[in-house]
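*Asks:* File follows, query00.txt with compact mmCIF, C-alpha atoms:
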```txt
# COMPACT_ATOMS: atom_id res chain seq x y z
CA MET S 1 -0.51 -34.53 13.95
CA ALA S 2 -3.11 -36.76 15.58
CA MET S 3 -6.06 -34.44 15.03
CA LYS S 4 -7.74 -34.98 11.68
CA ALA S 5 -10.16 -32.05 11.88
CA LEU S 6 -10.32 -28.95 14.04
CA ASP S 7 -13.38 -28.15 16.15
CA VAL S 8 -14.33 -24.67 14.90
CA GLU S 9 -16.02 -23.75 18.20
CA ALA S 10 -12.86 -24.69 20.08
CA VAL S 11 -10.76 -22.58 17.73
CA GLN S 12 -13.22 -19.71 18.16
CA ALA S 13 -12.94 -20.08 21.95
CA PHE S 14 -9.15 -19.90 21.67
CA VAL S 15 -9.31 -16.73 19.55
CA LEU S 16 -11.73 -15.10 21.99
CA VAL S 17 -9.55 -15.92 25.00
CA ALA S 18 -6.52 -14.55 23.15
CA ASP S 19 -8.36 -11.34 22.21
CA LEU S 20 -10.18 -10.78 25.49
CA ASN S 21 -7.39 -12.01 27.80
CA SER S 22 -9.91 -13.89 29.88
CA PHE S 23 -11.70 -17.25 29.95
CA THR S 24 -14.59 -15.56 31.75
CA ARG S 25 -15.12 -12.88 29.10
CA ALA S 26 -14.74 -15.44 26.32
CA ALA S 27 -17.44 -17.53 28.00
CA GLU S 28 -19.72 -14.47 28.20
CA ALA S 29 -19.21 -13.80 24.49
CA MET S 30 -20.04 -17.42 23.63
CA ASP S 31 -22.95 -17.59 26.11
CA THR S 32 -21.45 -20.55 27.90
CA THR S 33 -19.49 -21.27 31.07
CA GLN S 34 -15.83 -20.71 31.84
CA SER S 35 -15.36 -24.44 32.45
CA ALA S 36 -16.84 -25.23 29.01
CA VAL S 37 -14.40 -22.82 27.34
CA SER S 38 -11.50 -24.32 29.29
CA LEU S 39 -12.54 -27.83 28.23
CA LYS S 40 -12.81 -26.82 24.54
CA ILE S 41 -9.34 -25.32 24.56
CA LYS S 42 -7.89 -28.27 26.50
CA ARG S 43 -9.23 -30.64 23.85
CA LEU S 44 -7.88 -28.39 21.10
CA GLU S 45 -4.45 -28.37 22.73
CA ASP S 46 -4.56 -32.14 23.21
CA GLY S 47 -5.53 -32.65 19.58
CA LEU S 48 -2.80 -30.35 18.31
CA GLY S 49 -0.26 -31.68 20.76
CA ARG S 50 0.65 -28.08 21.59
CA ARG S 51 0.14 -25.83 24.61
CA LEU S 52 -1.51 -22.70 23.25
CA LEU S 53 -2.11 -20.69 26.43
CA GLU S 54 -0.13 -20.05 29.59
CA ARG S 55 -2.47 -19.86 32.57
CA THR S 56 -1.80 -18.28 35.95
CA PRO S 57 -4.29 -17.21 38.65
CA ARG S 58 -4.09 -13.59 37.47
CA LEU S 59 -3.03 -13.83 33.85
CA VAL S 60 -3.82 -15.60 30.60
CA ARG S 61 -1.32 -15.19 27.79
CA LEU S 62 -0.36 -16.88 24.57
CA SER S 63 2.45 -19.38 24.56
CA ALA S 64 4.99 -19.18 21.72
CA GLU S 65 3.05 -21.94 19.94
CA GLY S 66 -0.24 -20.14 20.63
CA SER S 67 1.14 -16.97 19.02
CA ALA S 68 2.20 -18.99 15.98
CA PHE S 69 -1.27 -20.58 15.73
CA LEU S 70 -3.33 -17.42 16.28
CA GLY S 71 -3.19 -16.08 12.72
CA ALA S 72 -4.30 -19.39 11.21
CA ALA S 73 -6.98 -19.70 13.89
CA ARG S 74 -8.39 -16.28 12.97
CA ASN S 75 -8.45 -17.25 9.30
CA LEU S 76 -10.32 -20.47 10.09
CA VAL S 77 -12.95 -18.67 12.20
CA ALA S 78 -13.36 -15.98 9.52
CA ALA S 79 -13.74 -18.60 6.79
CA HIS S 80 -16.33 -20.43 8.88
CA GLN S 81 -18.28 -17.20 9.45
CA SER S 82 -18.15 -16.49 5.73
CA ALA S 83 -19.42 -19.97 4.88
CA VAL S 84 -22.24 -19.77 7.43
CA GLY S 85 -23.30 -16.38 6.07
CA ALA S 86 -22.96 -17.31 2.39
CA PHE S 87 -26.70 -17.22 1.81
CA VAL S 88 -27.48 -14.21 3.95
CA VAL S 89 -28.93 -11.59 1.62
CA GLU S 90 -29.50 -8.67 3.97
CA HIS S 91 -26.96 -7.06 6.24
CA ARG S 92 -28.06 -6.58 9.82
CA ARG S 93 -27.90 -3.15 11.45
CA LEU S 94 -27.12 -2.63 15.13
CA VAL S 95 -27.43 0.91 16.51
CA VAL S 96 -25.18 1.44 19.53
CA GLY S 97 -24.57 4.53 21.64
CA ILE S 98 -21.37 4.95 23.70
CA SER S 99 -20.49 7.67 26.18
CA HIS S 100 -17.60 9.77 24.90
CA HIS S 101 -16.07 9.53 28.39
CA ILE S 102 -15.28 5.85 27.85
CA VAL S 103 -14.30 5.69 24.16
CA GLY S 104 -10.53 5.38 23.90
CA THR S 105 -7.83 4.12 21.58
CA GLU S 106 -9.28 0.60 21.83
CA LEU S 107 -12.16 1.49 19.46
CA PRO S 108 -10.45 0.22 16.23
CA SER S 109 -9.64 -3.15 17.79
CA LEU S 110 -13.15 -3.38 19.23
CA LEU S 111 -14.71 -2.75 15.82
CA LYS S 112 -12.35 -5.30 14.28
CA ARG S 113 -13.44 -7.85 16.88
CA MET S 114 -17.10 -7.18 16.12
CA ASN S 115 -16.55 -7.54 12.37
CA ALA S 116 -14.74 -10.84 12.85
CA THR S 117 -17.62 -12.12 14.98
CA ASP S 118 -20.31 -11.08 12.50
CA PRO S 119 -19.08 -9.89 9.06
CA GLY S 120 -22.67 -9.16 7.99
CA LEU S 121 -23.16 -6.69 10.81
CA VAL S 122 -23.57 -3.00 10.01
CA MET S 123 -22.86 -1.12 13.23
CA GLN S 124 -24.24 2.39 13.50
CA LEU S 125 -22.32 4.11 16.28
CA HIS S 126 -23.36 7.22 18.20
CA VAL S 127 -20.95 8.90 20.66
CA ASP S 128 -22.39 11.44 23.10
CA THR S 129 -22.72 12.14 26.81
CA SER S 130 -23.90 9.28 29.01
CA ARG S 131 -27.09 11.19 29.74
CA ALA S 132 -27.89 11.75 26.04
CA VAL S 133 -27.02 8.17 25.07
CA LEU S 134 -29.20 6.70 27.81
CA ALA S 135 -32.09 9.00 26.87
CA ALA S 136 -31.82 7.86 23.24
CA PHE S 137 -31.81 4.22 24.39
CA ASP S 138 -34.90 4.76 26.53
CA ASP S 139 -36.62 6.47 23.59
CA GLY S 140 -36.00 3.39 21.43
CA THR S 141 -33.51 5.09 19.11
CA LEU S 142 -30.68 2.74 20.12
CA ASP S 143 -30.46 -1.04 20.33
CA ALA S 144 -27.77 -0.81 23.01
CA ALA S 145 -26.00 1.77 25.12
CA ILE S 146 -22.66 1.70 26.95
CA VAL S 147 -22.51 4.51 29.49
CA LEU S 148 -21.21 5.59 32.87
CA ARG S 149 -23.67 4.99 35.68
CA HIS S 150 -24.91 8.40 36.76
CA ASP S 151 -28.18 7.52 38.48
CA ALA S 152 -27.77 5.48 41.66
CA LYS S 153 -31.49 4.69 41.64
CA ARG S 154 -31.39 2.94 38.26
CA ARG S 155 -30.13 -0.61 38.75
CA ASP S 156 -30.91 -2.26 35.40
CA GLY S 157 -28.25 -3.01 32.81
CA ASP S 158 -25.12 -5.15 33.04
CA VAL S 159 -21.99 -3.86 34.77
CA LEU S 160 -19.05 -4.35 32.38
CA PHE S 161 -16.28 -2.99 34.59
CA GLU S 162 -15.36 -0.26 37.05
CA GLU S 163 -13.66 2.77 35.47
CA PRO S 164 -11.07 4.62 37.62
CA PHE S 165 -10.74 8.38 37.16
CA GLY S 166 -7.79 10.67 37.70
CA TRP S 167 -6.82 14.35 37.55
CA MET S 168 -5.24 14.21 34.10
CA ALA S 169 -2.97 16.94 32.77
CA SER S 170 0.22 17.61 30.85
CA PRO S 171 3.29 16.59 32.91
CA ASP S 172 4.50 20.21 32.84
CA PHE S 173 1.20 21.68 34.03
CA TYR S 174 1.87 24.27 36.73
CA ARG S 175 -0.56 25.64 39.29
CA GLN S 176 0.34 29.03 40.69
CA PRO S 177 0.53 28.93 44.52
CA GLY S 178 -2.76 30.14 45.96
CA ALA S 179 -4.43 30.30 42.55
CA PRO S 180 -7.66 28.39 41.81
CA LEU S 181 -7.21 25.06 40.07
CA ARG S 182 -7.74 25.49 36.32
CA LEU S 183 -10.29 22.91 35.12
CA ALA S 184 -11.17 21.65 31.66
CA THR S 185 -14.74 20.35 31.75
CA GLN S 186 -17.75 19.43 29.70
CA ALA S 187 -20.62 21.88 29.56
CA GLU S 188 -23.44 21.25 32.03
CA PRO S 189 -25.20 18.94 32.56
CA CYS S 190 -22.37 16.40 32.70
CA SER S 191 -22.13 13.77 35.42
CA VAL S 192 -18.32 13.68 35.30
CA ARG S 193 -18.14 17.46 35.61
CA ALA S 194 -20.54 17.29 38.57
CA MET S 195 -18.45 14.53 40.16
CA ALA S 196 -15.23 16.55 39.82
CA VAL S 197 -16.76 19.77 41.12
CA ASP S 198 -18.42 18.02 44.08
CA VAL S 199 -15.13 16.36 45.08
CA LEU S 200 -13.21 19.65 44.89
CA ASP S 201 -15.89 21.59 46.77
CA ALA S 202 -16.06 18.95 49.51
CA ALA S 203 -12.28 19.19 49.96
CA GLY S 204 -12.32 22.97 49.95
CA VAL S 205 -10.21 23.23 46.78
CA GLU S 206 -10.73 26.45 44.86
CA TRP S 207 -11.25 25.95 41.14
CA THR S 208 -12.14 27.84 38.00
CA GLU S 209 -13.26 26.71 34.56
CA ALA S 210 -10.41 27.41 32.18
CA PHE S 211 -11.82 25.44 29.24
CA VAL S 212 -15.24 24.03 28.34
CA GLY S 213 -15.10 21.27 25.74
CA GLY S 214 -17.52 19.61 23.41
CA GLY S 215 -16.35 16.04 23.89
CA LEU S 216 -13.38 14.00 24.98
CA ALA S 217 -11.23 15.01 22.00
CA THR S 218 -11.48 18.72 22.78
CA ILE S 219 -10.89 18.25 26.51
CA GLY S 220 -7.93 15.99 25.71
CA ALA S 221 -6.47 18.67 23.45
CA ALA S 222 -6.84 21.30 26.18
CA ILE S 223 -5.02 19.28 28.83
CA SER S 224 -2.33 18.13 26.39
CA ALA S 225 -1.72 21.82 25.65
CA GLY S 226 -1.20 22.48 29.36
CA LEU S 227 -4.26 24.73 29.73
CA ALA S 228 -5.89 22.92 32.62
CA VAL S 229 -6.53 19.72 34.56
CA ALA S 230 -9.47 17.42 33.73
CA ALA S 231 -11.24 14.62 35.55
CA LEU S 232 -10.93 11.79 33.04
CA ALA S 233 -10.82 8.02 32.98
CA ARG S 234 -7.12 7.16 32.86
CA ARG S 235 -7.77 4.59 30.14
CA VAL S 236 -9.02 7.16 27.63
CA ALA S 237 -6.88 10.16 28.55
CA PRO S 238 -4.33 11.32 25.92
CA SER S 239 -1.13 9.28 26.04
CA ASP S 240 0.95 12.41 26.70
CA THR S 241 -0.91 13.21 29.92
CA VAL S 242 -0.49 11.91 33.47
CA ASP S 243 -2.47 11.84 36.71
CA LEU S 244 -1.28 14.86 38.71
CA GLY S 245 -3.70 14.38 41.60
CA LEU S 246 -1.04 13.41 44.12
CA ARG S 247 1.47 16.07 43.03
CA LEU S 248 -1.15 18.82 43.18
CA GLY S 249 -2.61 17.58 46.47
CA LEU S 250 -6.05 16.99 44.98
CA PRO S 251 -8.67 14.70 46.56
CA PRO S 252 -9.09 11.27 44.92
CA LEU S 253 -11.89 10.80 42.42
CA PRO S 254 -14.34 7.91 42.78
CA SER S 255 -14.56 5.13 40.21
CA ARG S 256 -17.68 4.79 38.07
CA ASP S 257 -19.42 1.68 36.78
CA VAL S 258 -19.60 1.23 33.01
CA ILE S 259 -23.00 -0.23 32.15
CA LEU S 260 -24.31 -2.01 29.07
CA TYR S 261 -28.02 -1.48 28.43
CA SER S 262 -29.56 -3.54 25.67
CA LYS S 263 -32.84 -4.72 24.22
CA PRO S 264 -31.89 -8.15 22.93
CA SER S 265 -34.25 -9.82 20.53
CA ASP S 266 -33.01 -12.60 18.27
CA PRO S 267 -30.20 -14.98 19.32
CA ARG S 268 -27.79 -13.51 16.77
CA THR S 269 -28.20 -10.01 18.17
CA ARG S 270 -27.83 -11.26 21.74
CA ARG S 271 -24.58 -13.02 20.77
CA THR S 272 -23.29 -9.84 19.14
CA LEU S 273 -24.10 -7.77 22.22
CA ARG S 274 -22.40 -10.32 24.50
CA THR S 275 -19.27 -10.07 22.35
CA LEU S 276 -19.45 -6.27 22.39
CA GLY S 277 -19.72 -6.18 26.17
CA ALA S 278 -16.91 -8.70 26.66
CA ALA S 279 -14.64 -6.85 24.22
CA PHE S 280 -15.28 -3.53 25.95
CA ALA S 281 -14.56 -5.06 29.35
CA ALA S 282 -11.32 -6.54 28.00
CA SER S 283 -10.19 -3.08 26.90
CA ALA S 284 -10.20 -1.97 30.53
CA ALA S 285 -8.25 -4.95 31.85
```
What is this file in structure tokens?
*Replies:*
Amino acid sequence: MAMKALDVEAVQAFVLVADLNSFTRAAEAMDTTQSAVSLKIKRLEDGLGRRLLERTPRLVRLSAEGSAFLGAARNLVAAHQSAVGAFVVEHRRLVVGISHHIVGTELPSLLKRMNATDPGLVMQLHVDTSRAVLAAFDDGTLDAAIVLRHDAKRRDGDVLFEEPFGWMASPDFYRQPGAPLRLATQAEPCSVRAMAVDVLDAAGVEWTEAFVGGGLATIGAAISAGLAVAALARRVAPSDTVDLGLRLGLPPLPSRDVILYSKPSDPRTRRTLRTLGAAFAASAA
């Protein structure tokens, strides 16, 4: 092999692209440009004499050699992080709030990604309604908040991605002809509940609350059990549910922006928040 030593930043860029499935999101996490990330990985591939990534206009995926290299690349980045942090005495705490409407099965991999980026980070996570999370952020309780946009007048924050919603239910859910649509909702005030009700009312669809939940897990349980239909982001809906909007003749639901609000201070915290935002956006790709 021609390369005598690996560029750790280039290896880190490769791992980020592999994890986030995007040169753009990897660049955001590293606070650099997409072209700089591409150049780092090109030099890494040239040095290794191996093509690590297959690139198409719409897709980035690991080559067979990239898959073989990924484990060793992770170990190198982790060892580098450990060496850099060898003399760090205090762990750093980051308090983050996330709307329960957007927390899905990707949470373990997201936390793993954050730990790999900063092993000394202690993340304190709060999951609540978007309204409650944003209020806590504005009060200074949280360092960052990831929520659904529910106030069209508020334009601060960074848009991570657009979240599509559907009428999610058990595949065997049955609506009696002429009967009101049975809904599973959050208690008021809830912006997703309001969105669903407004859409149904505008279309003249009769509905009734069949279940009122206290979070995504309870609503998910209700629709999995066949009790009702719920307006949920398809990404976070239970895996045994489907979008029955078309079959039931329901009006389409609008998408909602997922926003990252943060109060960055030191460069290390800003880097962590960039990685968090990029990882969350990758989960929706």
*Asks:* Give me the residues within 12 Å of range 57-64 of chain S as a PDB file with C-alpha atoms, keeping the file's coordinate frame, counting only C-alpha atoms and dropping any in the same chain fewer than 2 places off.
*Replies:*
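Produced file result-v1.pdb, reproduced below:
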```pdb
ATOM      1  CA  PHE S  14      -9.150 -19.900  21.670  1.00  0.00           C
ATOM      2  CA  VAL S  15      -9.310 -16.730  19.550  1.00  0.00           C
ATOM      3  CA  LEU S  16     -11.730 -15.100  21.990  1.00  0.00           C
ATOM      4  CA  VAL S  17      -9.550 -15.920  25.000  1.00  0.00           C
ATOM      5  CA  ALA S  18      -6.520 -14.550  23.150  1.00  0.00           C
ATOM      6  CA  ASP S  19      -8.360 -11.340  22.210  1.00  0.00           C
ATOM      7  CA  LEU S  20     -10.180 -10.780  25.490  1.00  0.00           C
ATOM      8  CA  ASN S  21      -7.390 -12.010  27.800  1.00  0.00           C
ATOM      9  CA  SER S  22      -9.910 -13.890  29.880  1.00  0.00           C
ATOM     10  CA  PHE S  23     -11.700 -17.250  29.950  1.00  0.00           C
ATOM     11  CA  THR S  24     -14.590 -15.560  31.750  1.00  0.00           C
ATOM     12  CA  ARG S  25     -15.120 -12.880  29.100  1.00  0.00           C
ATOM     13  CA  ALA S  26     -14.740 -15.440  26.320  1.00  0.00           C
ATOM     14  CA  SER S  38     -11.500 -24.320  29.290  1.00  0.00           C
ATOM     15  CA  GLU S  45      -4.450 -28.370  22.730  1.00  0.00           C
ATOM     16  CA  ARG S  50       0.650 -28.080  21.590  1.00  0.00           C
ATOM     17  CA  ARG S  51       0.140 -25.830  24.610  1.00  0.00           C
ATOM     18  CA  LEU S  52      -1.510 -22.700  23.250  1.00  0.00           C
ATOM     19  CA  LEU S  53      -2.110 -20.690  26.430  1.00  0.00           C
ATOM     20  CA  GLU S  54      -0.130 -20.050  29.590  1.00  0.00           C
ATOM     21  CA  ARG S  55      -2.470 -19.860  32.570  1.00  0.00           C
ATOM     22  CA  GLY S  66      -0.240 -20.140  20.630  1.00  0.00           C
ATOM     23  CA  SER S  67       1.140 -16.970  19.020  1.00  0.00           C
ATOM     24  CA  ALA S  68       2.200 -18.990  15.980  1.00  0.00           C
ATOM     25  CA  PHE S  69      -1.270 -20.580  15.730  1.00  0.00           C
ATOM     26  CA  LEU S  70      -3.330 -17.420  16.280  1.00  0.00           C
ATOM     27  CA  ALA S 285      -8.250  -4.950  31.850  1.00  0.00           C
TER      28      ALA S 285
END
```
*Asks:* If you count all atoms listed in the file, which residues fall within 12 Å of Gly140 in chain S, apart from same-chain ones fewer than 3 positions away, as number ranges by chain?
*Replies:* S: 95-97, 133-137, 143-145, 261-263
*Asks:* Neighbours of Leu250 in chain S within 12 Å (all atoms listed in the file; same-chain residues fewer than 3 positions away dropped), as number ranges by chain?
*Replies:* S: 166-168, 175, 180-181, 196-197, 199-207, 229-231, 243-247, 253
*Asks:* Just C-alpha atoms for this one: save the residues we selected as an mmCIF file, in the frame of the given file.
*Replies:*
```
data_model
loop_
_atom_site.group_PDB
_atom_site.id
_atom_site.type_symbol
_atom_site.label_atom_id
_atom_site.label_comp_id
_atom_site.auth_asym_id
_atom_site.auth_seq_id
_atom_site.Cartn_x
_atom_site.Cartn_y
_atom_site.Cartn_z
ATOM 1 C CA GLY S 166 -7.790 10.670 37.700
ATOM 2 C CA TRP S 167 -6.820 14.350 37.550
ATOM 3 C CA MET S 168 -5.240 14.210 34.100
ATOM 4 C CA ARG S 175 -0.560 25.640 39.290
ATOM 5 C CA PRO S 180 -7.660 28.390 41.810
ATOM 6 C CA LEU S 181 -7.210 25.060 40.070
ATOM 7 C CA ALA S 196 -15.230 16.550 39.820
ATOM 8 C CA VAL S 197 -16.760 19.770 41.120
ATOM 9 C CA VAL S 199 -15.130 16.360 45.080
ATOM 10 C CA LEU S 200 -13.210 19.650 44.890
ATOM 11 C CA ASP S 201 -15.890 21.590 46.770
ATOM 12 C CA ALA S 202 -16.060 18.950 49.510
ATOM 13 C CA ALA S 203 -12.280 19.190 49.960
ATOM 14 C CA GLY S 204 -12.320 22.970 49.950
ATOM 15 C CA VAL S 205 -10.210 23.230 46.780
ATOM 16 C CA GLU S 206 -10.730 26.450 44.860
ATOM 17 C CA TRP S 207 -11.250 25.950 41.140
ATOM 18 C CA VAL S 229 -6.530 19.720 34.560
ATOM 19 C CA ALA S 230 -9.470 17.420 33.730
ATOM 20 C CA ALA S 231 -11.240 14.620 35.550
ATOM 21 C CA ASP S 243 -2.470 11.840 36.710
ATOM 22 C CA LEU S 244 -1.280 14.860 38.710
ATOM 23 C CA GLY S 245 -3.700 14.380 41.600
ATOM 24 C CA LEU S 246 -1.040 13.410 44.120
ATOM 25 C CA ARG S 247 1.470 16.070 43.030
ATOM 26 C CA LEU S 253 -11.890 10.800 42.420
#
```
*Asks:* Work out how far CA of Ile259 in chain S is from CA of Thr32 in chain S, in Å to one decimal.
*Replies:*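 One can read the CA of Thr32 in chain S to CA of Ile259 in chain S distance as 20.8 Å.
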*Asks:* So, counting all atoms listed in the file, which residue among S:Val212, S:Ala221, S:Ile146, S:Val242 is closest to Ala169 in chain S?
*Replies:*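 Of all the options, S:Val242 lies closest to Ala169 in chain S.
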*Asks:* Please report the interatomic distance between CA of Asp158 in chain S and CA of Val103 in chain S in Å with one decimal.
*Replies:*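 That distance, rounded to one decimal, is 17.7 Å.
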*Asks:* Between S:Arg182, S:His101, S:Lys42, S:Arg93, which one has atoms that come closest to Leu142 in chain S, using only C-alpha atoms?
*Replies:* S:Arg93
*Asks:* May I have the protein, DNA and RNA residues with any atom at most 9 Å from the point (-16.4, 1.5, 32.1), counting only C-alpha atoms, written as a ChimeraX atom specification?
*Replies:* /S:101-102,146-149,159-164,233,256-259,280-281,284
*Asks:* In the coordinates of the file, take the point (-6.3, 22.9, 24.1) and a cut-off of 12 Å; then, counting all atoms listed in the file, name each qualifying protein, DNA or RNA residue as a compact mmCIF listing (two decimals) with C-alpha atoms, keeping the file's coordinate frame.
*Replies:*
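Here's the written file out-v6.txt:
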```
# COMPACT_ATOMS: atom_id res chain seq x y z
CA ALA S 169 -2.97 16.94 32.77
CA SER S 170 0.22 17.61 30.85
CA LEU S 183 -10.29 22.91 35.12
CA ALA S 184 -11.17 21.65 31.66
CA THR S 185 -14.74 20.35 31.75
CA ALA S 210 -10.41 27.41 32.18
CA PHE S 211 -11.82 25.44 29.24
CA VAL S 212 -15.24 24.03 28.34
CA GLY S 213 -15.10 21.27 25.74
CA GLY S 214 -17.52 19.61 23.41
CA LEU S 216 -13.38 14.00 24.98
CA ALA S 217 -11.23 15.01 22.00
CA THR S 218 -11.48 18.72 22.78
CA ILE S 219 -10.89 18.25 26.51
CA GLY S 220 -7.93 15.99 25.71
CA ALA S 221 -6.47 18.67 23.45
CA ALA S 222 -6.84 21.30 26.18
CA ILE S 223 -5.02 19.28 28.83
CA SER S 224 -2.33 18.13 26.39
CA ALA S 225 -1.72 21.82 25.65
CA GLY S 226 -1.20 22.48 29.36
CA LEU S 227 -4.26 24.73 29.73
CA ALA S 228 -5.89 22.92 32.62
CA VAL S 229 -6.53 19.72 34.56
CA ALA S 230 -9.47 17.42 33.73
CA PRO S 238 -4.33 11.32 25.92
```
*Asks:* Hey, which of S:Val236, S:Val127, S:Ala27, S:Ile98 ends up closest to Leu260 in chain S? Count all atoms listed in the file.
*Replies:*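 Among the listed residues, the smallest separation from Leu260 in chain S belongs to S:Ile98.
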